[in-house]
$ cat my_file_9.txt   # compact mmCIF, C-alpha atoms
# COMPACT_ATOMS: atom_id res chain seq x y z
CA MET Z 1 0.00 0.00 0.00
CA HIS Z 2 2.80 2.37 0.88
CA SER Z 3 4.64 1.48 -2.34
CA MET Z 4 1.53 2.29 -4.35
CA THR Z 5 1.22 5.63 -2.57
CA ARG Z 6 4.82 6.40 -3.36
CA CYS Z 7 4.27 5.53 -7.01
CA VAL Z 8 1.21 7.77 -7.21
CA PHE Z 9 3.13 10.57 -5.51
CA ARG Z 10 6.08 10.21 -7.90
CA PHE Z 11 3.76 10.17 -10.90
CA GLY Z 12 1.96 13.31 -9.72
CA LEU Z 13 5.27 15.04 -9.07
CA SER Z 14 6.47 14.13 -12.58
CA VAL Z 15 3.28 15.54 -14.12
CA LEU Z 16 3.74 18.79 -12.19
CA ILE Z 17 7.38 19.09 -13.28
CA VAL Z 18 6.47 18.47 -16.92
CA ALA Z 19 3.59 20.94 -16.75
CA PHE Z 20 5.81 23.53 -15.11
CA GLY Z 21 8.40 23.03 -17.83
CA VAL Z 22 5.80 23.35 -20.58
CA VAL Z 23 4.46 26.57 -19.10
CA HIS Z 24 7.92 28.05 -18.97
CA THR Z 25 8.94 26.71 -22.36
CA TYR Z 26 5.86 28.10 -24.15
CA PRO Z 27 4.91 31.35 -22.44
CA GLN Z 28 1.62 33.02 -23.23
CA GLN Z 29 1.84 35.02 -26.41
CA LYS Z 30 1.60 38.78 -26.23
CA SER Z 31 -1.41 40.64 -27.54
CA HIS Z 32 0.10 44.11 -28.16
CA TYR Z 33 3.21 44.75 -30.26
CA THR Z 34 5.33 47.83 -30.90
CA LEU Z 35 6.77 48.73 -34.28
CA ASP Z 36 10.27 47.55 -33.31
CA GLU Z 37 8.91 44.19 -32.16
CA LEU Z 38 6.97 43.75 -35.40
CA VAL Z 39 10.00 44.59 -37.52
CA ASP Z 40 12.14 42.10 -35.56
CA LEU Z 41 9.51 39.39 -36.03
CA GLY Z 42 9.27 40.15 -39.73
CA LEU Z 43 13.03 39.92 -40.24
CA GLN Z 44 13.04 36.58 -38.42
CA HIS Z 45 10.01 34.91 -39.99
CA ASN Z 46 9.34 36.55 -43.35
CA PRO Z 47 9.72 33.86 -46.08
CA MET Z 48 11.54 36.21 -48.46
CA MET Z 49 14.06 37.03 -45.73
CA ALA Z 50 14.64 33.31 -45.23
CA ALA Z 51 15.17 32.88 -48.98
CA SER Z 52 17.67 35.76 -49.04
CA SER Z 53 19.62 34.27 -46.14
CA LEU Z 54 19.79 30.91 -47.90
CA ASP Z 55 21.06 32.63 -51.04
CA VAL Z 56 23.82 34.29 -49.00
CA SER Z 57 24.80 30.94 -47.48
CA ALA Z 58 24.95 29.32 -50.91
CA GLN Z 59 27.14 32.09 -52.33
CA GLU Z 60 29.43 31.97 -49.31
CA ALA Z 61 29.86 28.23 -49.80
CA ALA Z 62 30.68 28.84 -53.49
CA TYR Z 63 33.28 31.45 -52.50
CA GLN Z 64 34.92 29.14 -49.96
CA ALA Z 65 34.98 26.34 -52.55
CA SER Z 66 36.65 28.63 -55.12
CA ARG Z 67 39.63 29.10 -52.81
CA ARG Z 68 40.49 25.41 -52.78
CA LEU Z 69 43.09 23.90 -55.10
CA PHE Z 70 42.03 21.82 -58.07
CA ASN Z 71 41.79 18.10 -57.36
CA PRO Z 72 44.69 15.95 -58.54
CA GLU Z 73 44.15 13.41 -61.29
CA LEU Z 74 45.20 9.79 -60.90
CA GLU Z 75 45.61 7.63 -63.99
CA PHE Z 76 46.27 3.86 -64.10
CA TRP Z 77 47.04 1.81 -67.16
CA PHE Z 78 47.65 -1.86 -67.93
CA GLY Z 79 48.98 -3.45 -71.09
CA LYS Z 80 51.05 -6.22 -72.69
CA ALA Z 81 54.35 -5.56 -74.45
CA ASP Z 82 56.11 -7.70 -77.12
CA SER Z 83 59.60 -7.17 -78.42
CA TYR Z 84 60.02 -6.61 -82.14
CA ASP Z 85 61.64 -10.02 -82.60
CA LYS Z 86 58.77 -11.65 -80.67
CA LEU Z 87 61.25 -13.26 -78.27
CA GLN Z 88 60.12 -11.35 -75.23
CA GLU Z 89 56.65 -10.82 -73.87
CA ARG Z 90 55.69 -9.07 -70.62
CA ASN Z 91 52.69 -7.51 -68.89
CA THR Z 92 53.13 -3.79 -68.37
CA HIS Z 93 51.43 -1.29 -66.08
CA GLY Z 94 51.86 2.19 -64.73
CA PHE Z 95 50.23 5.17 -63.08
CA THR Z 96 50.42 8.94 -63.35
CA VAL Z 97 49.51 11.58 -60.74
CA THR Z 98 48.76 15.03 -62.16
CA GLN Z 99 48.27 18.13 -60.04
CA PRO Z 100 46.94 21.15 -62.00
CA LEU Z 101 48.64 24.40 -60.93
CA GLU Z 102 46.52 27.42 -61.75
CA ASN Z 103 48.15 30.67 -62.74
CA PRO Z 104 48.22 32.61 -59.41
CA PHE Z 105 47.06 35.86 -61.03
CA LYS Z 106 44.18 34.16 -62.79
CA ARG Z 107 43.33 32.35 -59.57
CA HIS Z 108 43.24 35.65 -57.66
CA HIS Z 109 40.75 37.25 -60.04
CA ARG Z 110 38.61 34.10 -60.21
CA ILE Z 111 38.34 34.01 -56.42
CA GLN Z 112 37.67 37.75 -56.34
CA MET Z 113 34.70 37.28 -58.66
CA ARG Z 114 33.22 34.68 -56.34
CA LYS Z 115 33.80 36.93 -53.35
CA SER Z 116 32.09 39.86 -55.07
CA ALA Z 117 29.15 37.62 -55.99
CA TRP Z 118 28.85 36.56 -52.34
CA GLU Z 119 29.00 40.14 -51.06
CA GLU Z 120 26.47 41.15 -53.69
CA THR Z 121 23.93 38.68 -52.27
CA ILE Z 122 24.59 40.18 -48.82
CA ALA Z 123 23.77 43.62 -50.23
CA TYR Z 124 20.57 42.31 -51.79
CA ARG Z 125 19.67 40.68 -48.47
CA ASP Z 126 20.14 44.10 -46.83
CA LEU Z 127 17.88 45.54 -49.52
CA ARG Z 128 15.29 42.91 -48.68
CA VAL Z 129 15.56 44.00 -45.03
CA LEU Z 130 14.76 47.56 -46.10
CA GLU Z 131 11.78 46.44 -48.19
CA VAL Z 132 10.31 44.17 -45.51
CA ALA Z 133 10.78 46.82 -42.81
CA HIS Z 134 9.14 49.43 -45.06
CA ASP Z 135 6.14 47.20 -45.75
CA ILE Z 136 5.75 46.41 -42.05
CA LYS Z 137 5.93 50.11 -41.15
CA ASN Z 138 3.26 51.01 -43.70
CA ARG Z 139 0.87 48.34 -42.45
CA TYR Z 140 1.64 49.22 -38.83
CA TYR Z 141 0.82 52.88 -39.51
CA SER Z 142 -2.34 51.82 -41.34
CA LEU Z 143 -3.47 49.88 -38.27
CA LEU Z 144 -2.71 52.87 -36.04
CA LEU Z 145 -4.74 55.06 -38.40
CA LEU Z 146 -7.69 52.66 -38.23
CA GLN Z 147 -7.41 52.54 -34.43
CA LYS Z 148 -7.47 56.35 -34.26
CA LYS Z 149 -10.50 56.50 -36.53
CA HIS Z 150 -12.20 53.85 -34.42
CA GLU Z 151 -11.55 55.86 -31.24
CA LEU Z 152 -12.88 58.99 -32.95
CA LEU Z 153 -16.04 57.22 -34.12
CA MET Z 154 -16.60 55.81 -30.63
CA GLN Z 155 -16.43 59.32 -29.19
CA ILE Z 156 -18.81 60.58 -31.85
CA GLU Z 157 -21.25 57.75 -31.23
CA GLN Z 158 -21.24 58.41 -27.49
CA SER Z 159 -21.78 62.13 -28.08
CA ILE Z 160 -24.67 61.45 -30.45
CA GLN Z 161 -26.26 58.99 -28.02
CA GLU Z 162 -26.03 61.53 -25.17
CA THR Z 163 -27.59 64.21 -27.37
CA HIS Z 164 -30.22 61.70 -28.51
CA ARG Z 165 -31.21 60.95 -24.91
CA LEU Z 166 -31.44 64.66 -24.17
CA ILE Z 167 -33.66 65.31 -27.19
CA GLN Z 168 -35.90 62.38 -26.31
CA LYS Z 169 -36.54 63.89 -22.90
CA ARG Z 170 -37.17 67.32 -24.41
CA ALA Z 171 -39.47 65.74 -27.01
CA GLU Z 172 -41.45 64.02 -24.25
CA LEU Z 173 -41.80 67.40 -22.56
CA GLY Z 174 -42.91 68.98 -25.82
CA GLU Z 175 -39.93 71.33 -26.02
CA VAL Z 176 -38.74 69.99 -29.40
CA LYS Z 177 -40.25 68.01 -32.22
CA GLU Z 178 -39.94 64.23 -32.13
CA LEU Z 179 -38.47 64.41 -35.64
CA GLU Z 180 -35.19 65.68 -34.18
CA ALA Z 181 -34.89 62.57 -32.02
CA ILE Z 182 -35.44 60.41 -35.09
CA LYS Z 183 -32.73 62.32 -36.99
CA LEU Z 184 -30.23 61.74 -34.19
CA TYR Z 185 -31.19 58.06 -34.03
CA VAL Z 186 -30.35 57.81 -37.74
CA GLU Z 187 -27.00 59.51 -37.03
CA THR Z 188 -26.34 56.87 -34.35
CA LEU Z 189 -27.08 54.05 -36.79
CA MET Z 190 -24.74 55.59 -39.37
CA ALA Z 191 -21.95 55.82 -36.78
CA GLN Z 192 -22.47 52.18 -35.82
CA LYS Z 193 -22.34 51.18 -39.48
CA GLU Z 194 -19.02 53.01 -39.94
CA LEU Z 195 -17.67 51.31 -36.81
CA LYS Z 196 -18.49 47.89 -38.26
CA ALA Z 197 -16.84 48.81 -41.55
CA LEU Z 198 -13.73 50.00 -39.68
CA SER Z 199 -13.65 46.77 -37.67
CA THR Z 200 -13.70 44.70 -40.87
CA GLU Z 201 -10.99 46.86 -42.42
CA SER Z 202 -8.86 46.48 -39.28
CA ASP Z 203 -9.18 42.70 -39.41
CA LEU Z 204 -8.00 42.68 -43.02
CA ALA Z 205 -5.10 45.01 -42.16
CA ARG Z 206 -4.04 42.70 -39.32
CA GLU Z 207 -4.15 39.71 -41.66
CA ASN Z 208 -1.99 41.52 -44.21
CA LEU Z 209 0.54 42.52 -41.56
CA ASN Z 210 0.58 39.01 -40.09
CA THR Z 211 1.32 37.63 -43.57
CA LEU Z 212 4.50 39.69 -43.68
CA LEU Z 213 5.46 38.22 -40.30
CA GLY Z 214 5.03 34.64 -41.49
CA ASN Z 215 1.68 34.34 -39.64
CA THR Z 216 3.47 34.14 -36.29
CA LEU Z 217 0.98 36.28 -34.34
CA PRO Z 218 -2.52 35.44 -33.10
CA PRO Z 219 -5.37 36.74 -35.29
CA ASP Z 220 -6.57 39.17 -32.61
CA PHE Z 221 -3.24 40.90 -31.96
CA HIS Z 222 -3.07 44.68 -31.63
CA VAL Z 223 -0.40 47.27 -32.32
CA SER Z 224 0.69 49.74 -29.68
CA GLY Z 225 2.16 53.17 -30.30
CA GLU Z 226 1.20 56.55 -31.67
CA LEU Z 227 1.27 58.30 -35.01
CA ALA Z 228 4.07 60.54 -33.76
CA PHE Z 229 5.32 63.67 -35.46
CA PRO Z 230 8.99 64.41 -34.68
CA PRO Z 231 10.21 66.79 -37.45
CA ILE Z 232 13.22 65.60 -39.46
CA ALA Z 233 16.32 67.63 -38.65
CA ALA Z 234 18.68 66.00 -41.21
CA GLU Z 235 19.65 68.16 -44.19
CA GLU Z 236 19.19 67.07 -47.79
CA GLU Z 237 22.92 66.89 -48.57
CA PHE Z 238 23.56 64.72 -45.51
CA LEU Z 239 20.82 62.29 -46.54
CA LEU Z 240 22.10 62.21 -50.13
CA THR Z 241 25.63 61.44 -48.93
CA ARG Z 242 24.38 58.60 -46.74
CA ALA Z 243 22.23 57.15 -49.51
CA LEU Z 244 24.84 57.30 -52.27
CA ALA Z 245 27.51 55.84 -50.00
CA GLY Z 246 25.75 52.99 -48.24
CA HIS Z 247 22.40 52.14 -49.83
CA PRO Z 248 22.23 48.37 -50.46
CA LEU Z 249 21.33 48.92 -54.12
CA ILE Z 250 24.41 51.11 -54.61
CA VAL Z 251 26.59 48.59 -52.78
CA ALA Z 252 25.21 45.72 -54.89
CA LYS Z 253 25.78 47.58 -58.15
CA GLN Z 254 29.33 48.53 -57.09
CA LEU Z 255 30.04 44.87 -56.37
CA GLN Z 256 28.67 43.95 -59.79
CA LEU Z 257 31.08 46.45 -61.31
CA GLU Z 258 33.99 45.00 -59.32
CA GLN Z 259 32.98 41.53 -60.44
CA SER Z 260 32.92 42.58 -64.10
CA ARG Z 261 36.35 44.20 -63.78
CA SER Z 262 37.77 41.09 -62.14
CA ASN Z 263 36.31 39.09 -65.00
CA ILE Z 264 38.25 41.23 -67.51
CA SER Z 265 41.51 40.51 -65.69
CA TYR Z 266 40.57 36.85 -65.36
CA VAL Z 267 40.00 36.52 -69.11
CA LYS Z 268 43.28 38.29 -69.87
CA TRP Z 269 45.26 35.97 -67.61
CA GLN Z 270 43.64 32.99 -69.35
CA ARG Z 271 45.83 33.85 -72.33
CA LEU Z 272 48.84 32.55 -70.41
CA PRO Z 273 49.25 28.78 -70.03
CA ASP Z 274 48.38 26.89 -66.87
CA LEU Z 275 50.81 24.37 -65.45
CA ALA Z 276 50.29 20.81 -64.35
CA LEU Z 277 52.86 18.89 -62.25
CA LYS Z 278 53.04 15.18 -62.99
CA GLY Z 279 54.59 12.18 -61.25
CA PHE Z 280 54.65 8.81 -62.96
CA ARG Z 281 55.89 5.22 -62.63
CA ASN Z 282 55.68 2.81 -65.56
CA ALA Z 283 56.70 -0.87 -65.62
CA GLU Z 284 57.68 -1.38 -69.29
CA LEU Z 285 59.15 -4.17 -71.38
CA ASP Z 286 62.76 -3.47 -70.58
CA GLY Z 287 62.44 -2.06 -67.06
CA THR Z 288 60.78 0.51 -64.85
CA ASN Z 289 60.53 4.19 -65.75
CA ARG Z 290 59.72 6.73 -63.03
CA GLY Z 291 60.03 10.49 -62.76
CA LEU Z 292 58.41 13.91 -62.70
CA GLY Z 293 56.97 15.97 -65.52
CA LEU Z 294 55.52 19.38 -66.28
CA ALA Z 295 52.58 20.01 -68.62
CA LEU Z 296 51.45 23.31 -70.15
CA ASP Z 297 47.93 24.19 -71.23
CA ILE Z 298 48.77 26.31 -74.29
CA PRO Z 299 45.93 28.63 -75.49
CA LEU Z 300 46.95 28.19 -79.10
CA TRP Z 301 43.64 28.05 -80.95
CA ASN Z 302 41.49 30.11 -78.58
CA PHE Z 303 43.09 33.40 -77.49
CA LYS Z 304 39.95 34.55 -75.58
CA GLY Z 305 39.23 37.45 -77.93
CA LYS Z 306 35.45 37.05 -77.88
CA GLU Z 307 35.37 36.52 -74.11
CA LEU Z 308 37.44 39.66 -73.53
CA VAL Z 309 35.14 41.82 -75.66
CA GLU Z 310 32.09 40.48 -73.80
CA ALA Z 311 33.71 41.09 -70.42
CA GLU Z 312 34.64 44.66 -71.31
CA SER Z 313 31.12 45.35 -72.61
CA LEU Z 314 29.57 44.01 -69.41
CA SER Z 315 31.92 46.15 -67.34
CA TYR Z 316 30.98 49.28 -69.27
CA LYS Z 317 27.31 48.37 -68.89
CA SER Z 318 27.75 48.04 -65.11
CA GLU Z 319 29.41 51.46 -64.97
CA GLN Z 320 26.51 53.11 -66.79
CA GLU Z 321 23.93 51.30 -64.65
CA LEU Z 322 25.70 52.51 -61.50
CA LYS Z 323 25.62 56.11 -62.76
CA ALA Z 324 21.92 55.83 -63.62
CA LEU Z 325 21.17 54.26 -60.24
CA ARG Z 326 22.96 57.09 -58.42
CA MET Z 327 20.89 59.69 -60.28
CA ASP Z 328 17.61 57.83 -59.69
CA LEU Z 329 18.34 57.30 -56.02
CA ALA Z 330 19.31 60.95 -55.51
CA GLU Z 331 16.07 62.05 -57.17
CA GLU Z 332 14.10 59.62 -55.00
CA VAL Z 333 15.67 60.97 -51.80
CA ARG Z 334 14.98 64.59 -52.81
CA SER Z 335 11.39 63.78 -53.78
CA ARG Z 336 10.67 61.84 -50.58
CA LEU Z 337 12.25 64.54 -48.42
CA ARG Z 338 10.11 67.24 -50.04
CA ARG Z 339 6.97 65.19 -49.58
CA THR Z 340 7.85 64.69 -45.93
CA HIS Z 341 8.41 68.43 -45.47
CA LEU Z 342 5.06 69.10 -47.17
CA ALA Z 343 3.37 66.73 -44.73
CA GLU Z 344 5.12 68.56 -41.88
CA GLU Z 345 3.77 71.89 -43.10
CA THR Z 346 0.26 70.44 -43.24
CA LEU Z 347 0.56 69.19 -39.66
CA GLU Z 348 1.86 72.57 -38.52
CA ILE Z 349 -1.34 74.16 -39.81
CA PHE Z 350 -3.35 71.85 -37.58
CA SER Z 351 -1.06 72.46 -34.61
CA ALA Z 352 -1.09 76.22 -35.13
CA GLY Z 353 -4.70 76.51 -34.00
CA LEU Z 354 -7.01 74.73 -36.44
CA LEU Z 355 -7.66 71.83 -34.04
CA SER Z 356 -8.29 74.07 -31.04
CA GLN Z 357 -10.55 76.36 -33.07
CA ALA Z 358 -12.59 73.40 -34.34
CA GLU Z 359 -12.95 72.01 -30.83
CA GLN Z 360 -13.99 75.41 -29.47
CA SER Z 361 -16.50 75.82 -32.28
CA LEU Z 362 -18.05 72.44 -31.46
CA LYS Z 363 -18.38 73.33 -27.77
CA ILE Z 364 -20.09 76.61 -28.67
CA SER Z 365 -22.47 74.79 -31.04
CA ASP Z 366 -23.29 72.21 -28.37
CA ILE Z 367 -24.10 74.90 -25.80
CA SER Z 368 -26.06 76.93 -28.32
CA TYR Z 369 -28.12 73.91 -29.35
CA ARG Z 370 -28.86 72.95 -25.75
CA GLN Z 371 -30.02 76.50 -25.11
CA GLY Z 372 -32.16 76.49 -28.25
CA GLU Z 373 -30.19 79.17 -30.07
CA ILE Z 374 -29.40 77.02 -33.15
CA SER Z 375 -31.23 74.20 -34.90
CA LEU Z 376 -30.34 70.52 -34.87
CA LEU Z 377 -29.14 70.72 -38.48
CA ASP Z 378 -26.73 73.52 -37.58
CA PHE Z 379 -25.45 71.50 -34.63
CA LEU Z 380 -24.96 68.37 -36.77
CA ASP Z 381 -23.16 70.42 -39.45
CA SER Z 382 -20.83 71.80 -36.77
CA GLN Z 383 -20.20 68.30 -35.49
CA ARG Z 384 -19.50 66.95 -38.97
CA THR Z 385 -17.05 69.80 -39.59
CA TYR Z 386 -15.21 68.96 -36.37
CA ILE Z 387 -15.11 65.26 -37.29
CA SER Z 388 -13.83 66.07 -40.78
CA ILE Z 389 -11.02 68.22 -39.35
CA LEU Z 390 -9.99 65.50 -36.91
CA GLU Z 391 -10.01 62.89 -39.69
CA ASP Z 392 -7.89 65.18 -41.87
CA TYR Z 393 -5.45 65.60 -38.99
CA VAL Z 394 -5.17 61.86 -38.40
CA ASN Z 395 -4.76 61.27 -42.14
CA ALA Z 396 -2.01 63.91 -42.22
CA LEU Z 397 -0.23 62.15 -39.35
CA PHE Z 398 -0.44 58.88 -41.27
CA SER Z 399 0.86 60.54 -44.45
CA TRP Z 400 3.84 62.01 -42.62
CA ASN Z 401 4.78 58.66 -41.07
CA ALA Z 402 4.32 56.87 -44.39
CA GLU Z 403 6.47 59.45 -46.21
CA LYS Z 404 9.15 59.18 -43.52
CA ALA Z 405 9.18 55.38 -43.94
CA ALA Z 406 9.57 55.81 -47.72
CA LEU Z 407 12.37 58.33 -47.15
CA GLU Z 408 14.17 55.87 -44.85
CA LYS Z 409 13.85 53.20 -47.55
CA ALA Z 410 15.33 55.61 -50.11
CA VAL Z 411 18.21 56.61 -47.82
CA GLY Z 412 18.84 53.03 -46.75
CA GLU Z 413 18.76 53.56 -42.97
CA THR Z 414 16.61 54.82 -40.12
CA ILE Z 415 16.37 58.60 -39.79
CA GLN Z 416 16.28 60.04 -36.29
$ encode --input "my_file_9.txt" --output "structure tokens"
Amino acid sequence: MHSMTRCVFRFGLSVLIVAFGVVHTYPQQKSHYTLDELVDLGLQHNPMMAASSLDVSAQEAAYQASRRLFNPELEFWFGKADSYDKLQERNTHGFTVTQPLENPFKRHHRIQMRKSAWEETIAYRDLRVLEVAHDIKNRYYSLLLLQKKHELLMQIEQSIQETHRLIQKRAELGEVKELEAIKLYVETLMAQKELKALSTESDLARENLNTLLGNTLPPDFHVSGELAFPPIAAEEEFLLTRALAGHPLIVAKQLQLEQSRSNISYVKWQRLPDLALKGFRNAELDGTNRGLGLALDIPLWNFKGKELVEAESLSYKSEQELKALRMDLAEEVRSRLRRTHLAEETLEIFSAGLLSQAEQSLKISDISYRQGEISLLDFLDSQRTYISILEDYVNALFSWNAEKAALEKAVGETIQ
């Protein structure tokens, strides 16, 4: 009986330990995520990021393989030898070991091409990081915009409901017509309809954002943060210098140019012969022959003329593409910076007094309507004007953040 009790106790203790381990191994998933957390998740789980990382690994392996020496060749042969007078007959055999020795200058440029190709994939992976981060930022800001609009509509609905209750009481007392209560009830229904539409749009936006993150978040996750507005202090020339010096597209195109130039040198050095060191041992009719030899790969019939012209053309093409890319990127940075400044100017108009004036106007309309100085239609028009101004302000905040994200993508780094 005691042994059974001990067994039950041990089993229960084991279950508790396992359960405790499971709880600590798989903690409860969060429900609210900041922008930095979303970007980190996207860079870890986005399928295109995984593909880019695999491409980098493959190119690195190719580069490491290019640094190794060529494999030696081992040749065996067997035969039967007869003397010319047919008096002697003997089985013969031998082997040869050949080690190709690549021209060191040609080898250097061949390896350099593989290294440039590897570094180019790293640059394109960095470009993919920029693109994924930009897409995540845009969808994050879209969700914040929808949340702000939802909060605004909730406030409007509550305000309309309070006014509706007030009018119902006044209608019961005969102070106003019942038609006004019906009009406000219709306004309430319209606000509820817009709230449902916003809820559906938010669900779709969450799904789109979760797709970028490899569907790692629960369907009901939320984003935390604000549509902030810190003005950009960086000057245009500073941003242009940063973009033209370190943007992943520029880096990738420069590496392509280096690769094409290495290819020119590689083709030129192919015009000189490669060496091969040989060691052999042959058992022949009249004895054993052993020794060392040297072989030359003489480019007699193919002097690499066509290959050299192609390599030089590709190099010139890469130079022109790099120049065009620099001009396009500079124009993109200037355009994005101007759009961001334009969004800043729009927000400054709101901050300069438009928001406070609209809020004050609404308060005056509310008091005037309660005191019977203006009609319901005038009050609703004042309320719609206030709502429209707030929506414009929130949309302007979204536009500024979206333009800043596009500017950061053009520059190639985060802008403080």
$ residues_near_point --input "my_file_9.txt" --point "(12.8, 57.0, -39.0)" --cutoff "12 Å" --atoms "all atoms listed in the file" --output "ChimeraX atom specification"
/Z:35-36,130,133-134,137,228-234,340,400-416
$ write_last_selection --input "my_file_9.txt" --atoms "C-alpha atoms" --output "mmCIF file, in the coordinates of the input"
data_model
loop_
_atom_site.group_PDB
_atom_site.id
_atom_site.type_symbol
_atom_site.label_atom_id
_atom_site.label_comp_id
_atom_site.auth_asym_id
_atom_site.auth_seq_id
_atom_site.Cartn_x
_atom_site.Cartn_y
_atom_site.Cartn_z
ATOM 1 C CA LEU Z 35 6.770 48.730 -34.280
ATOM 2 C CA ASP Z 36 10.270 47.550 -33.310
ATOM 3 C CA LEU Z 130 14.760 47.560 -46.100
ATOM 4 C CA ALA Z 133 10.780 46.820 -42.810
ATOM 5 C CA HIS Z 134 9.140 49.430 -45.060
ATOM 6 C CA LYS Z 137 5.930 50.110 -41.150
ATOM 7 C CA ALA Z 228 4.070 60.540 -33.760
ATOM 8 C CA PHE Z 229 5.320 63.670 -35.460
ATOM 9 C CA PRO Z 230 8.990 64.410 -34.680
ATOM 10 C CA PRO Z 231 10.210 66.790 -37.450
ATOM 11 C CA ILE Z 232 13.220 65.600 -39.460
ATOM 12 C CA ALA Z 233 16.320 67.630 -38.650
ATOM 13 C CA ALA Z 234 18.680 66.000 -41.210
ATOM 14 C CA THR Z 340 7.850 64.690 -45.930
ATOM 15 C CA TRP Z 400 3.840 62.010 -42.620
ATOM 16 C CA ASN Z 401 4.780 58.660 -41.070
ATOM 17 C CA ALA Z 402 4.320 56.870 -44.390
ATOM 18 C CA GLU Z 403 6.470 59.450 -46.210
ATOM 19 C CA LYS Z 404 9.150 59.180 -43.520
ATOM 20 C CA ALA Z 405 9.180 55.380 -43.940
ATOM 21 C CA ALA Z 406 9.570 55.810 -47.720
ATOM 22 C CA LEU Z 407 12.370 58.330 -47.150
ATOM 23 C CA GLU Z 408 14.170 55.870 -44.850
ATOM 24 C CA LYS Z 409 13.850 53.200 -47.550
ATOM 25 C CA ALA Z 410 15.330 55.610 -50.110
ATOM 26 C CA VAL Z 411 18.210 56.610 -47.820
ATOM 27 C CA GLY Z 412 18.840 53.030 -46.750
ATOM 28 C CA GLU Z 413 18.760 53.560 -42.970
ATOM 29 C CA THR Z 414 16.610 54.820 -40.120
ATOM 30 C CA ILE Z 415 16.370 58.600 -39.790
ATOM 31 C CA GLN Z 416 16.280 60.040 -36.290
#
$ residues_around --input "my_file_9.txt" --residues "Asn289 in chain Z" --least-positions-apart "3" --cutoff "9 Å" --atoms "only C-alpha atoms" --output "PyMOL selection string"
chain Z and resi 94+280-284
$ closest_residue --input "my_file_9.txt" --among "Z:Ala396, Z:Val309, Z:Ile136, Z:Leu294" --to "Val97 in chain Z" --atoms "all atoms listed in the file"
Z:Leu294
$ residues_near_point --input "my_file_9.txt" --point "(46.9, 30.2, -59.3)" --cutoff "12 Å" --atoms "only C-alpha atoms" --output "VMD selection string"
chain Z and resid 66 to 70 100 to 111 266 269 to 270 272 to 276
$ closest_residue --input "my_file_9.txt" --among "Z:Ser315, Z:Gln44, Z:Gln192, Z:Ser52" --to "Lys253 in chain Z" --atoms "all atoms listed in the file"
Z:Ser315
$ closest_residue --input "my_file_9.txt" --among "Z:Phe238, Z:Ser142, Z:Glu157, Z:Gly353" --to "Val186 in chain Z" --atoms "only C-alpha atoms"
Z:Glu157
$ atom_distance --input "my_file_9.txt" --atom1 "CA of Arg242 in chain Z" --atom2 "CA of Val132 in chain Z"
20.2 Å
$ residues_around --input "my_file_9.txt" --residues "Ile156 in chain Z" --least-positions-apart "3" --cutoff "9 Å" --atoms "only C-alpha atoms" --output "ChimeraX atom specification"
/Z:151-153,159-161,188,191,383,387
$ atom_distance --input "my_file_9.txt" --atom1 "CA of Gln99 in chain Z" --atom2 "CA of Arg290 in chain Z"
16.4 Å
$ residues_around --input "my_file_9.txt" --residues "range 205-215 of chain Z" --least-positions-apart "2" --cutoff "7 Å" --atoms "only C-alpha atoms" --output "ChimeraX atom specification"
/Z:41-42,45-47,136,139,143,201-203,217
$ closest_residue --input "my_file_9.txt" --among "Z:Glu226, Z:Glu75, Z:Asp366, Z:Glu312" --to "Ser262 in chain Z" --atoms "all atoms listed in the file"
Z:Glu312
$ residues_around --input "my_file_9.txt" --residues "range 55-57 of chain Z" --least-positions-apart "3" --cutoff "9 Å" --atoms "only C-alpha atoms" --output "MDAnalysis selection string"
chainID Z and resid 50:52 60:62 118:122 125
$ atom_distance --input "my_file_9.txt" --atom1 "CA of Leu204 in chain Z" --atom2 "CA of Pro219 in chain Z"
10.1 Å
$ decode --input "my_file_9.txt" --residues "range 311-318 of chain Z" --atoms "N, CA and C atoms" --output "short mmCIF file (atom, residue, chain, number, x, y, z; two decimals), in the first residue's frame"
data_model
loop_
_atom_site.label_atom_id
_atom_site.label_comp_id
_atom_site.auth_asym_id
_atom_site.auth_seq_id
_atom_site.Cartn_x
_atom_site.Cartn_y
_atom_site.Cartn_z
N ALA Z 311 33.44 40.65 -71.78
CA ALA Z 311 33.71 41.09 -70.42
C ALA Z 311 33.83 42.60 -70.35
N GLU Z 312 34.50 43.20 -71.31
CA GLU Z 312 34.64 44.66 -71.31
C GLU Z 312 33.29 45.34 -71.54
N SER Z 313 32.44 44.78 -72.38
CA SER Z 313 31.12 45.35 -72.61
C SER Z 313 30.27 45.28 -71.35
N LEU Z 314 30.33 44.15 -70.66
CA LEU Z 314 29.57 44.01 -69.41
C LEU Z 314 30.07 44.98 -68.35
N SER Z 315 31.37 45.20 -68.31
CA SER Z 315 31.92 46.15 -67.34
C SER Z 315 31.44 47.57 -67.64
N TYR Z 316 31.45 47.95 -68.89
CA TYR Z 316 30.98 49.28 -69.27
C TYR Z 316 29.48 49.42 -68.97
N LYS Z 317 28.74 48.35 -69.21
CA LYS Z 317 27.31 48.37 -68.89
C LYS Z 317 27.09 48.57 -67.40
N SER Z 318 27.88 47.89 -66.57
CA SER Z 318 27.75 48.04 -65.11
C SER Z 318 28.08 49.46 -64.67
#
